[in-house]
Amino acid sequence: MSERELEKGQVERFSVLNRLLHVLVMVGFLGLGITGFSLFFGGAWWARAIAWCLGGAAGLAWTHRFLAVMTYAAVMAHLIWLLYYKLVLKGRLTGPGTMFPGWTDVKNVFAHLGWALDKGPMPRFDRFTWWEKMDYWAVLLGMHTMGITGLVLWFPEWFTQWLPGYFINLALLLHLFEAIIAVAIKFVVHPIVAHLRPEVWPADTSIFTGRMSHQRIQQGHPALWERIKPGEGEAGS
Amino acid sequence: MKKLALIPILAAALILAALPALAAPVVAMDPAPDGQPARNCLDCHHLPNLASNEGVVANQQLCLECHLKESCSREVKGTKVPLVVNMDLFATSRHRWVACLQCHGDVATSPHKSKVGAQCLSCHPIHGEAEVHSPHLSVDCAACHHKSPFVELDKKTGQVKLAHVNLEGKPIPLTEHGPTDLKQDQHCLRCHVTDNKVGAPEMVLPAKGMICFPCHTASFSIGSWWFGLALLIFLIGVVSGGLFYMRGRVAGVEGSLHDKVSRGSDQLWKAVFSRQSWELVKVLWFDVLWQRRVLKQSVRRWFFHSLIYLSILARMGLALFTWLVYELWPSSDLAMALMNKNQGFVAVTNDLLGLLILVGVVLAALQRWVFKGEQVVAEWQDNLALIILGLMIVLGFVAEGARLVVSQVPHGVAVYSFVAYPLSRLLAATGIDWPAVYGWLWYAHGLVAALFVAYLPFGKMRHMFTAPLSLIINRRLQ
């Protein structure tokens, strides 16, 4: 994840693959949330309206599974890319500038709270802040919970060949609870912390354009700026 | 008046006389088994909830009460045909927990006789191109899936179905409820043998693979192994062509392949999500789809080129549309109609488009070799591409004609294939054993098509990929 200049004053924050996967997961997850809750609360008037739009319960289920495959494939593509990044590009998976959580992030959480209570300066964030790392890991881990329980619900005949039947009920509950958590975080918390902060208001477009200006890095990611400042050697990580 | 007063008295007397009869226990039509309580009307005359376990068991018990007895049989032409269900086989079948009435929907009637047989398609969708190809749309499920090896062609409907008699004309029992072993190809040999009477070619042919999509409804499978080989060569050609493009500088940058791909994809991303994307759409619509630049150069060339290219594009569109409709609604009438090659619209469209391609190839060949237009430089690669294309279409029409002969499609239906049908009459007149030859014809057409696909990224046909790319890149550079 070396930072390179795409244009003058614009640093590449997200590669094209990352932008594409984010769009896929964003569209897929929005659709999964809508179709999934419509499936679970099938009796509700809004669920019936959505089911009608997609050709009934069967169409709803088909759309849900189609989007699930698409979203999970995006997560898998990211994991395969991580292998390529580590083995071919010889990139680092830990340390500053990566998504790997470290002790600094824990300190940053408290420092950030302290800043909010006017007890100190804003912590100097590196490439990814602590809440961005939380967002990333929530999806990376949560998608597997959703994927595995979803597969159990999709192919109950196969899974009950070697699992007791109550695992189907468990899978349904876990799928629902994780969905509620994920939707609460990704539909509400994530858009708010990503776009409605004063520094980036009205929207942080870096995940879509892949670009971040020098000015924004200096303001929001000063520790990164220290490392990649032009004229002071190559970028780290 | 006195006579009228008698009427209620007589009626009352009649009711009183009938009372003992009404109160008497109901005598079951079919006596209950020994030691069981007497039957009520509703024991038989009710429809259990077939979606529940108890409903399924109740329904199975009712039917099997007779259909387990050795004496359960019927007489056909003086021969006793047993109607006993073999429970050892049924217990291992996939339909063990399905009610009898779920499939045999019309037997709960008087007289107790099924007119339509088991209704597989009320639960299962029909097979797509991947499992079986479209001529099997006129084959009943049971003809392959039932254990009985005897099949016949219904001349009236054109359906191949399970025969009720064996080869000697003796009625046979068909109450086998065990699974057919579909892993072995034995069931294919019921029809695909020499001198079969059901209109099957002798050879068992593979399903059409994804290389067939440019012209035919196919499946995203490999099909035959050398379809796979052709696909592999095609992909190697495309990738090496892409790598050749990548040897140049990308966005003015030299560097590793990774850097170039990153830069290039970033430029593409930027172009797509900007006002330039509208320019790209215009290039795709006018210059790529409708070949505006070729039209400006020469109307004649544009005409020949469009006959070939737009017809193939239209056939590919129909093929992909059919695939999509089948994947989304496999049991719909639309899917059934589109997948059926003999269906009027499909037959006319495919024959017309095939003919247009052939006309385009012939006109281009005449221009090249006979009239020798001014700007034409007859390179051997162009000639080879034309020959492969022309041969593929001709063999396709011959194979189609042979198929109409072999599968005994009724004339009123076959006539929609307006090119292949007259051809099929000619072929039939030759007296050649077409069921034996058809497989070879099919493979000949398939082999030329595989050659066509494998040759695409190497020969002149490469322009299919490079021309649109150049058009887009040139537009961007402007």
# chains A, B, ... in the order shown; residues from 1 in each chain; ligands from 1
>>> closest_atom_pairs(of="chain B", to="chain A", cutoff="9 Å", atoms="only C-alpha atoms", output="CSV")
residue,atom,partner,partner_atom,distance
B:His258,CA,A:Leu89,CA,8.7
B:Ser262,CA,A:Val16,CA,7.0
B:Arg263,CA,A:Leu6,CA,8.2
B:Ser265,CA,A:Val16,CA,6.4
B:Asp266,CA,A:Val16,CA,5.9
B:Trp269,CA,A:Val16,CA,7.2
B:Lys270,CA,A:Thr209,CA,7.5
B:Phe273,CA,A:Thr209,CA,8.7
B:Leu328,CA,A:Trp62,CA,8.9
>>> select_by_dssp(residues="segment 1-229 of chain A", states="strand (DSSP E)", output="list in words")
Glu5, Leu6, Glu7, Gln10, Val11, Glu12, Arg211, Met212 and Ser213 of chain A
>>> residues_around(residues="Arg211 of chain A", least_positions_apart="4", cutoff="8 Å", atoms="only C-alpha atoms", output="ChimeraX atom specification")
/A:6,10-14,205-207
>>> write_last_selection(atoms="N, CA and C atoms", output="PDB file, in the first residue's frame")
ATOM      1  N   LEU A   6      -1.199  10.369  -7.720  1.00  0.00           N
ATOM      2  CA  LEU A   6      -1.927  10.123  -8.962  1.00  0.00           C
ATOM      3  C   LEU A   6      -1.911  11.370  -9.827  1.00  0.00           C
ATOM      4  N   GLN A  10      -2.408  14.976  -5.198  1.00  0.00           N
ATOM      5  CA  GLN A  10      -3.418  13.945  -4.917  1.00  0.00           C
ATOM      6  C   GLN A  10      -2.710  12.613  -4.687  1.00  0.00           C
ATOM      7  N   VAL A  11      -2.891  12.063  -3.512  1.00  0.00           N
ATOM      8  CA  VAL A  11      -2.240  10.795  -3.179  1.00  0.00           C
ATOM      9  C   VAL A  11      -3.251   9.661  -3.324  1.00  0.00           C
ATOM     10  N   GLU A  12      -2.801   8.513  -3.850  1.00  0.00           N
ATOM     11  CA  GLU A  12      -3.708   7.377  -3.978  1.00  0.00           C
ATOM     12  C   GLU A  12      -3.963   6.769  -2.606  1.00  0.00           C
ATOM     13  N   ARG A  13      -5.220   6.811  -2.178  1.00  0.00           N
ATOM     14  CA  ARG A  13      -5.579   6.232  -0.887  1.00  0.00           C
ATOM     15  C   ARG A  13      -6.137   4.824  -1.080  1.00  0.00           C
ATOM     16  N   PHE A  14      -6.937   4.646  -2.124  1.00  0.00           N
ATOM     17  CA  PHE A  14      -7.508   3.327  -2.393  1.00  0.00           C
ATOM     18  C   PHE A  14      -7.240   2.957  -3.846  1.00  0.00           C
ATOM     19  N   THR A 205     -15.131  11.603  -0.299  1.00  0.00           N
ATOM     20  CA  THR A 205     -15.228  10.905  -1.592  1.00  0.00           C
ATOM     21  C   THR A 205     -14.029  10.006  -1.866  1.00  0.00           C
ATOM     22  N   SER A 206     -13.088   9.917  -0.910  1.00  0.00           N
ATOM     23  CA  SER A 206     -11.831   9.226  -1.225  1.00  0.00           C
ATOM     24  C   SER A 206     -12.053   7.751  -1.568  1.00  0.00           C
ATOM     25  N   ILE A 207     -13.073   7.104  -0.985  1.00  0.00           N
ATOM     26  CA  ILE A 207     -13.284   5.683  -1.277  1.00  0.00           C
ATOM     27  C   ILE A 207     -13.803   5.504  -2.700  1.00  0.00           C
TER      28      ILE A 207
END
>>> residues_around(residues="Pro101 of chain A", least_positions_apart="5", cutoff="12 Å", atoms="only C-alpha atoms", output="list in words")
Leu93, Thr94, Gly95, Pro96, Val106, Lys107, Asn108, Val109, Asp126, Arg127, Phe128, Thr129, Trp130, Trp131, Glu132, Lys133, Met134, Asp135, Tyr136 and Trp137 of chain A
>>> closest_residue(among="B:Phe90, B:Tyr438, B:Trp323, B:Trp225", to="Ala335 of chain B", atoms="only C-alpha atoms")
B:Trp323
>>> residues_around(residues="Val160 of chain B", least_positions_apart="4", cutoff="8 Å", atoms="only C-alpha atoms", output="list in words")
Ser138, Val139, Asp140, Ala143, Val151, Glu152, Leu153, Asp154 and Val198 of chain B
>>> residues_around(residues="Ala194 of chain A", least_positions_apart="4", cutoff="8 Å", atoms="only C-alpha atoms", output="PyMOL selection string")
chain A and resi 190+203-204
>>> write_last_selection(atoms="N, CA and C atoms", output="PDB file, in the first residue's frame")
ATOM      1  N   HIS A 190     -21.530   3.878  10.232  1.00  0.00           N
ATOM      2  CA  HIS A 190     -20.493   4.052   9.216  1.00  0.00           C
ATOM      3  C   HIS A 190     -20.698   5.305   8.355  1.00  0.00           C
ATOM      4  N   ALA A 203     -19.196  15.071   2.312  1.00  0.00           N
ATOM      5  CA  ALA A 203     -18.960  13.651   2.032  1.00  0.00           C
ATOM      6  C   ALA A 203     -17.473  13.414   1.851  1.00  0.00           C
ATOM      7  N   ASP A 204     -17.011  12.252   2.297  1.00  0.00           N
ATOM      8  CA  ASP A 204     -15.635  11.846   2.055  1.00  0.00           C
ATOM      9  C   ASP A 204     -15.627  11.004   0.781  1.00  0.00           C
TER      10      ASP A 204
END
>>> residues_around(residues="segment 182-192 of chain B", least_positions_apart="4", cutoff="7 Å", atoms="only C-alpha atoms", output="number ranges by chain")
B: 144, 149, 196, 198, 200-204
>>> atom_distance(atom1="atom CA of Ser306 of chain B", atom2="atom CA of Val361 of chain B")
10.5 Å
>>> closest_residue(among="A:Phe66, A:Ile34, A:Glu178, A:Ile228", to="Leu141 of chain A", atoms="only C-alpha atoms")
A:Glu178
>>> select_by_dssp(residues="segment 180-237 of chain B", states="helix (DSSP H, G or I)", output="list in words")
Asp185, Gln186, His187, Cys188, Leu189, Arg190, Met210, Ile211, Cys212, Trp225, Trp226, Phe227, Gly228, Leu229, Ala230, Leu231, Leu232, Ile233, Phe234, Leu235, Ile236 and Gly237 of chain B
>>> write_last_selection(atoms="N, CA, C and O atoms", output="short mmCIF file (atom, residue, chain, number, x, y, z; two decimals), in the first residue's frame")
data_model
loop_
_atom_site.label_atom_id
_atom_site.label_comp_id
_atom_site.auth_asym_id
_atom_site.auth_seq_id
_atom_site.Cartn_x
_atom_site.Cartn_y
_atom_site.Cartn_z
N ASP B 185 -24.44 -44.44 -18.26
CA ASP B 185 -25.08 -43.92 -19.46
C ASP B 185 -26.03 -44.92 -20.10
O ASP B 185 -26.50 -44.70 -21.21
N GLN B 186 -26.34 -46.00 -19.36
CA GLN B 186 -27.20 -47.03 -19.94
C GLN B 186 -28.54 -46.45 -20.41
O GLN B 186 -29.06 -46.84 -21.44
N HIS B 187 -29.08 -45.52 -19.64
CA HIS B 187 -30.40 -45.01 -20.00
C HIS B 187 -30.37 -44.22 -21.30
O HIS B 187 -31.39 -44.05 -21.93
N CYS B 188 -29.17 -43.71 -21.69
CA CYS B 188 -29.08 -43.02 -22.98
C CYS B 188 -29.28 -44.00 -24.13
O CYS B 188 -29.77 -43.64 -25.20
N LEU B 189 -28.83 -45.26 -23.87
CA LEU B 189 -28.84 -46.26 -24.94
C LEU B 189 -30.23 -46.82 -25.20
O LEU B 189 -30.42 -47.69 -26.04
N ARG B 190 -31.23 -46.34 -24.46
CA ARG B 190 -32.60 -46.73 -24.79
C ARG B 190 -33.00 -46.18 -26.15
O ARG B 190 -33.74 -46.79 -26.89
N MET B 210 -19.90 -23.16 -23.59
CA MET B 210 -20.03 -21.70 -23.67
C MET B 210 -19.45 -21.12 -24.95
O MET B 210 -19.80 -20.01 -25.32
N ILE B 211 -18.58 -21.89 -25.66
CA ILE B 211 -18.08 -21.32 -26.92
C ILE B 211 -19.19 -21.28 -27.98
O ILE B 211 -19.04 -20.66 -29.02
N CYS B 212 -20.32 -21.96 -27.73
CA CYS B 212 -21.41 -21.98 -28.70
C CYS B 212 -22.33 -20.75 -28.58
O CYS B 212 -23.19 -20.55 -29.43
N TRP B 225 -14.64 -31.93 -24.60
CA TRP B 225 -13.29 -31.55 -24.12
C TRP B 225 -12.58 -30.67 -25.11
O TRP B 225 -11.83 -29.79 -24.75
N TRP B 226 -12.83 -30.87 -26.41
CA TRP B 226 -12.12 -29.97 -27.32
C TRP B 226 -12.82 -28.64 -27.52
O TRP B 226 -12.23 -27.70 -28.03
N PHE B 227 -14.04 -28.50 -27.06
CA PHE B 227 -14.59 -27.15 -26.91
C PHE B 227 -13.78 -26.43 -25.83
O PHE B 227 -13.46 -25.25 -25.95
N GLY B 228 -13.46 -27.21 -24.76
CA GLY B 228 -12.66 -26.64 -23.67
C GLY B 228 -11.29 -26.24 -24.15
O GLY B 228 -10.76 -25.19 -23.78
N LEU B 229 -10.69 -27.09 -25.01
CA LEU B 229 -9.36 -26.79 -25.57
C LEU B 229 -9.42 -25.50 -26.37
O LEU B 229 -8.55 -24.62 -26.23
N ALA B 230 -10.47 -25.38 -27.20
CA ALA B 230 -10.61 -24.16 -28.01
C ALA B 230 -10.74 -22.93 -27.11
O ALA B 230 -10.13 -21.89 -27.37
N LEU B 231 -11.51 -23.08 -26.04
CA LEU B 231 -11.72 -21.98 -25.10
C LEU B 231 -10.40 -21.59 -24.46
O LEU B 231 -10.08 -20.41 -24.29
N LEU B 232 -9.59 -22.61 -24.10
CA LEU B 232 -8.30 -22.37 -23.47
C LEU B 232 -7.38 -21.59 -24.40
O LEU B 232 -6.77 -20.59 -24.01
N ILE B 233 -7.31 -22.06 -25.67
CA ILE B 233 -6.47 -21.36 -26.65
C ILE B 233 -6.96 -19.93 -26.83
O ILE B 233 -6.18 -18.98 -26.89
N PHE B 234 -8.28 -19.76 -26.88
CA PHE B 234 -8.89 -18.43 -27.01
C PHE B 234 -8.46 -17.53 -25.86
O PHE B 234 -8.02 -16.39 -26.07
N LEU B 235 -8.55 -18.06 -24.63
CA LEU B 235 -8.21 -17.25 -23.46
C LEU B 235 -6.73 -16.91 -23.44
O LEU B 235 -6.35 -15.78 -23.11
N ILE B 236 -5.87 -17.90 -23.81
CA ILE B 236 -4.44 -17.63 -23.88
C ILE B 236 -4.18 -16.50 -24.87
O ILE B 236 -3.40 -15.58 -24.61
N GLY B 237 -4.88 -16.56 -26.01
CA GLY B 237 -4.72 -15.52 -27.03
C GLY B 237 -5.12 -14.16 -26.51
O GLY B 237 -4.42 -13.16 -26.72
#
>>> atom_distance(atom1="atom CA of Gly446 of chain B", atom2="atom CA of Ala207 of chain B")
11.1 Å
>>> decode(residues="segment 92-115 of chain A", atoms="N, CA, C and O atoms", output="mmCIF file, in the first residue's frame")
data_model
loop_
_atom_site.group_PDB
_atom_site.id
_atom_site.type_symbol
_atom_site.label_atom_id
_atom_site.label_comp_id
_atom_site.auth_asym_id
_atom_site.auth_seq_id
_atom_site.Cartn_x
_atom_site.Cartn_y
_atom_site.Cartn_z
ATOM 1 N N ARG A 92 3.765 -5.092 3.554
ATOM 2 C CA ARG A 92 3.672 -5.379 4.991
ATOM 3 C C ARG A 92 2.208 -5.456 5.398
ATOM 4 O O ARG A 92 1.391 -4.664 4.943
ATOM 5 N N LEU A 93 1.902 -6.424 6.289
ATOM 6 C CA LEU A 93 0.521 -6.559 6.759
ATOM 7 C C LEU A 93 0.331 -5.874 8.103
ATOM 8 O O LEU A 93 -0.785 -5.640 8.538
ATOM 9 N N THR A 94 1.438 -5.597 8.804
ATOM 10 C CA THR A 94 1.322 -4.952 10.115
ATOM 11 C C THR A 94 2.133 -3.663 10.100
ATOM 12 O O THR A 94 2.901 -3.411 9.183
ATOM 13 N N GLY A 95 1.915 -2.888 11.130
ATOM 14 C CA GLY A 95 2.679 -1.652 11.254
ATOM 15 C C GLY A 95 1.889 -0.449 10.813
ATOM 16 O O GLY A 95 0.722 -0.577 10.402
ATOM 17 N N PRO A 96 2.460 0.759 10.895
ATOM 18 C CA PRO A 96 1.718 1.964 10.513
ATOM 19 C C PRO A 96 1.377 1.929 9.031
ATOM 20 O O PRO A 96 2.125 1.373 8.237
ATOM 21 N N GLY A 97 0.249 2.468 8.702
ATOM 22 C CA GLY A 97 -0.139 2.478 7.289
ATOM 23 C C GLY A 97 -0.914 1.253 6.880
ATOM 24 O O GLY A 97 -1.382 1.173 5.757
ATOM 25 N N THR A 98 -1.044 0.260 7.768
ATOM 26 C CA THR A 98 -1.829 -0.923 7.426
ATOM 27 C C THR A 98 -3.106 -0.939 8.261
ATOM 28 O O THR A 98 -3.286 -0.115 9.166
ATOM 29 N N MET A 99 -3.971 -1.901 7.963
ATOM 30 C CA MET A 99 -5.230 -2.039 8.678
ATOM 31 C C MET A 99 -5.054 -2.781 9.996
ATOM 32 O O MET A 99 -6.005 -2.945 10.747
ATOM 33 N N PHE A 100 -3.831 -3.296 10.260
ATOM 34 C CA PHE A 100 -3.635 -4.121 11.450
ATOM 35 C C PHE A 100 -3.727 -3.250 12.707
ATOM 36 O O PHE A 100 -3.022 -2.232 12.818
ATOM 37 N N PRO A 101 -4.599 -3.608 13.658
ATOM 38 C CA PRO A 101 -4.740 -2.769 14.848
ATOM 39 C C PRO A 101 -3.512 -2.892 15.752
ATOM 40 O O PRO A 101 -2.950 -3.978 15.899
ATOM 41 N N GLY A 102 -3.094 -1.794 16.339
ATOM 42 C CA GLY A 102 -1.926 -1.818 17.218
ATOM 43 C C GLY A 102 -2.213 -1.077 18.516
ATOM 44 O O GLY A 102 -3.316 -0.552 18.736
ATOM 45 N N TRP A 103 -1.222 -1.030 19.379
ATOM 46 C CA TRP A 103 -1.336 -0.373 20.680
ATOM 47 C C TRP A 103 -1.645 1.112 20.495
ATOM 48 O O TRP A 103 -2.386 1.708 21.255
ATOM 49 N N THR A 104 -1.075 1.702 19.414
ATOM 50 C CA THR A 104 -1.312 3.116 19.133
ATOM 51 C C THR A 104 -2.797 3.407 18.985
ATOM 52 O O THR A 104 -3.278 4.465 19.405
ATOM 53 N N ASP A 105 -3.512 2.455 18.375
ATOM 54 C CA ASP A 105 -4.951 2.675 18.147
ATOM 55 C C ASP A 105 -5.691 2.749 19.473
ATOM 56 O O ASP A 105 -6.603 3.562 19.633
ATOM 57 N N VAL A 106 -5.302 1.878 20.427
ATOM 58 C CA VAL A 106 -5.955 1.914 21.739
ATOM 59 C C VAL A 106 -5.698 3.269 22.397
ATOM 60 O O VAL A 106 -6.620 3.908 22.920
ATOM 61 N N LYS A 107 -4.431 3.714 22.318
ATOM 62 C CA LYS A 107 -4.110 5.014 22.913
ATOM 63 C C LYS A 107 -4.877 6.130 22.219
ATOM 64 O O LYS A 107 -5.360 7.066 22.858
ATOM 65 N N ASN A 108 -5.014 5.982 20.859
ATOM 66 C CA ASN A 108 -5.722 7.009 20.096
ATOM 67 C C ASN A 108 -7.182 7.112 20.497
ATOM 68 O O ASN A 108 -7.757 8.200 20.488
ATOM 69 N N VAL A 109 -7.791 5.957 20.831
ATOM 70 C CA VAL A 109 -9.202 5.971 21.224
ATOM 71 C C VAL A 109 -9.364 6.867 22.444
ATOM 72 O O VAL A 109 -10.239 7.746 22.475
ATOM 73 N N PHE A 110 -8.487 6.654 23.452
ATOM 74 C CA PHE A 110 -8.624 7.431 24.687
ATOM 75 C C PHE A 110 -8.242 8.891 24.456
ATOM 76 O O PHE A 110 -8.896 9.812 24.961
ATOM 77 N N ALA A 111 -7.195 9.096 23.632
ATOM 78 C CA ALA A 111 -6.787 10.469 23.335
ATOM 79 C C ALA A 111 -7.910 11.203 22.605
ATOM 80 O O ALA A 111 -8.181 12.385 22.869
ATOM 81 N N HIS A 112 -8.579 10.478 21.708
ATOM 82 C CA HIS A 112 -9.672 11.063 20.938
ATOM 83 C C HIS A 112 -10.832 11.438 21.858
ATOM 84 O O HIS A 112 -11.430 12.518 21.738
ATOM 85 N N LEU A 113 -11.133 10.528 22.824
ATOM 86 C CA LEU A 113 -12.174 10.812 23.815
ATOM 87 C C LEU A 113 -11.780 12.041 24.627
ATOM 88 O O LEU A 113 -12.606 12.922 24.888
ATOM 89 N N GLY A 114 -10.504 12.072 24.997
ATOM 90 C CA GLY A 114 -9.997 13.207 25.760
ATOM 91 C C GLY A 114 -10.162 14.510 24.992
ATOM 92 O O GLY A 114 -10.596 15.532 25.538
ATOM 93 N N TRP A 115 -9.870 14.471 23.675
ATOM 94 C CA TRP A 115 -10.034 15.666 22.843
ATOM 95 C C TRP A 115 -11.488 16.110 22.830
ATOM 96 O O TRP A 115 -11.802 17.301 22.922
#
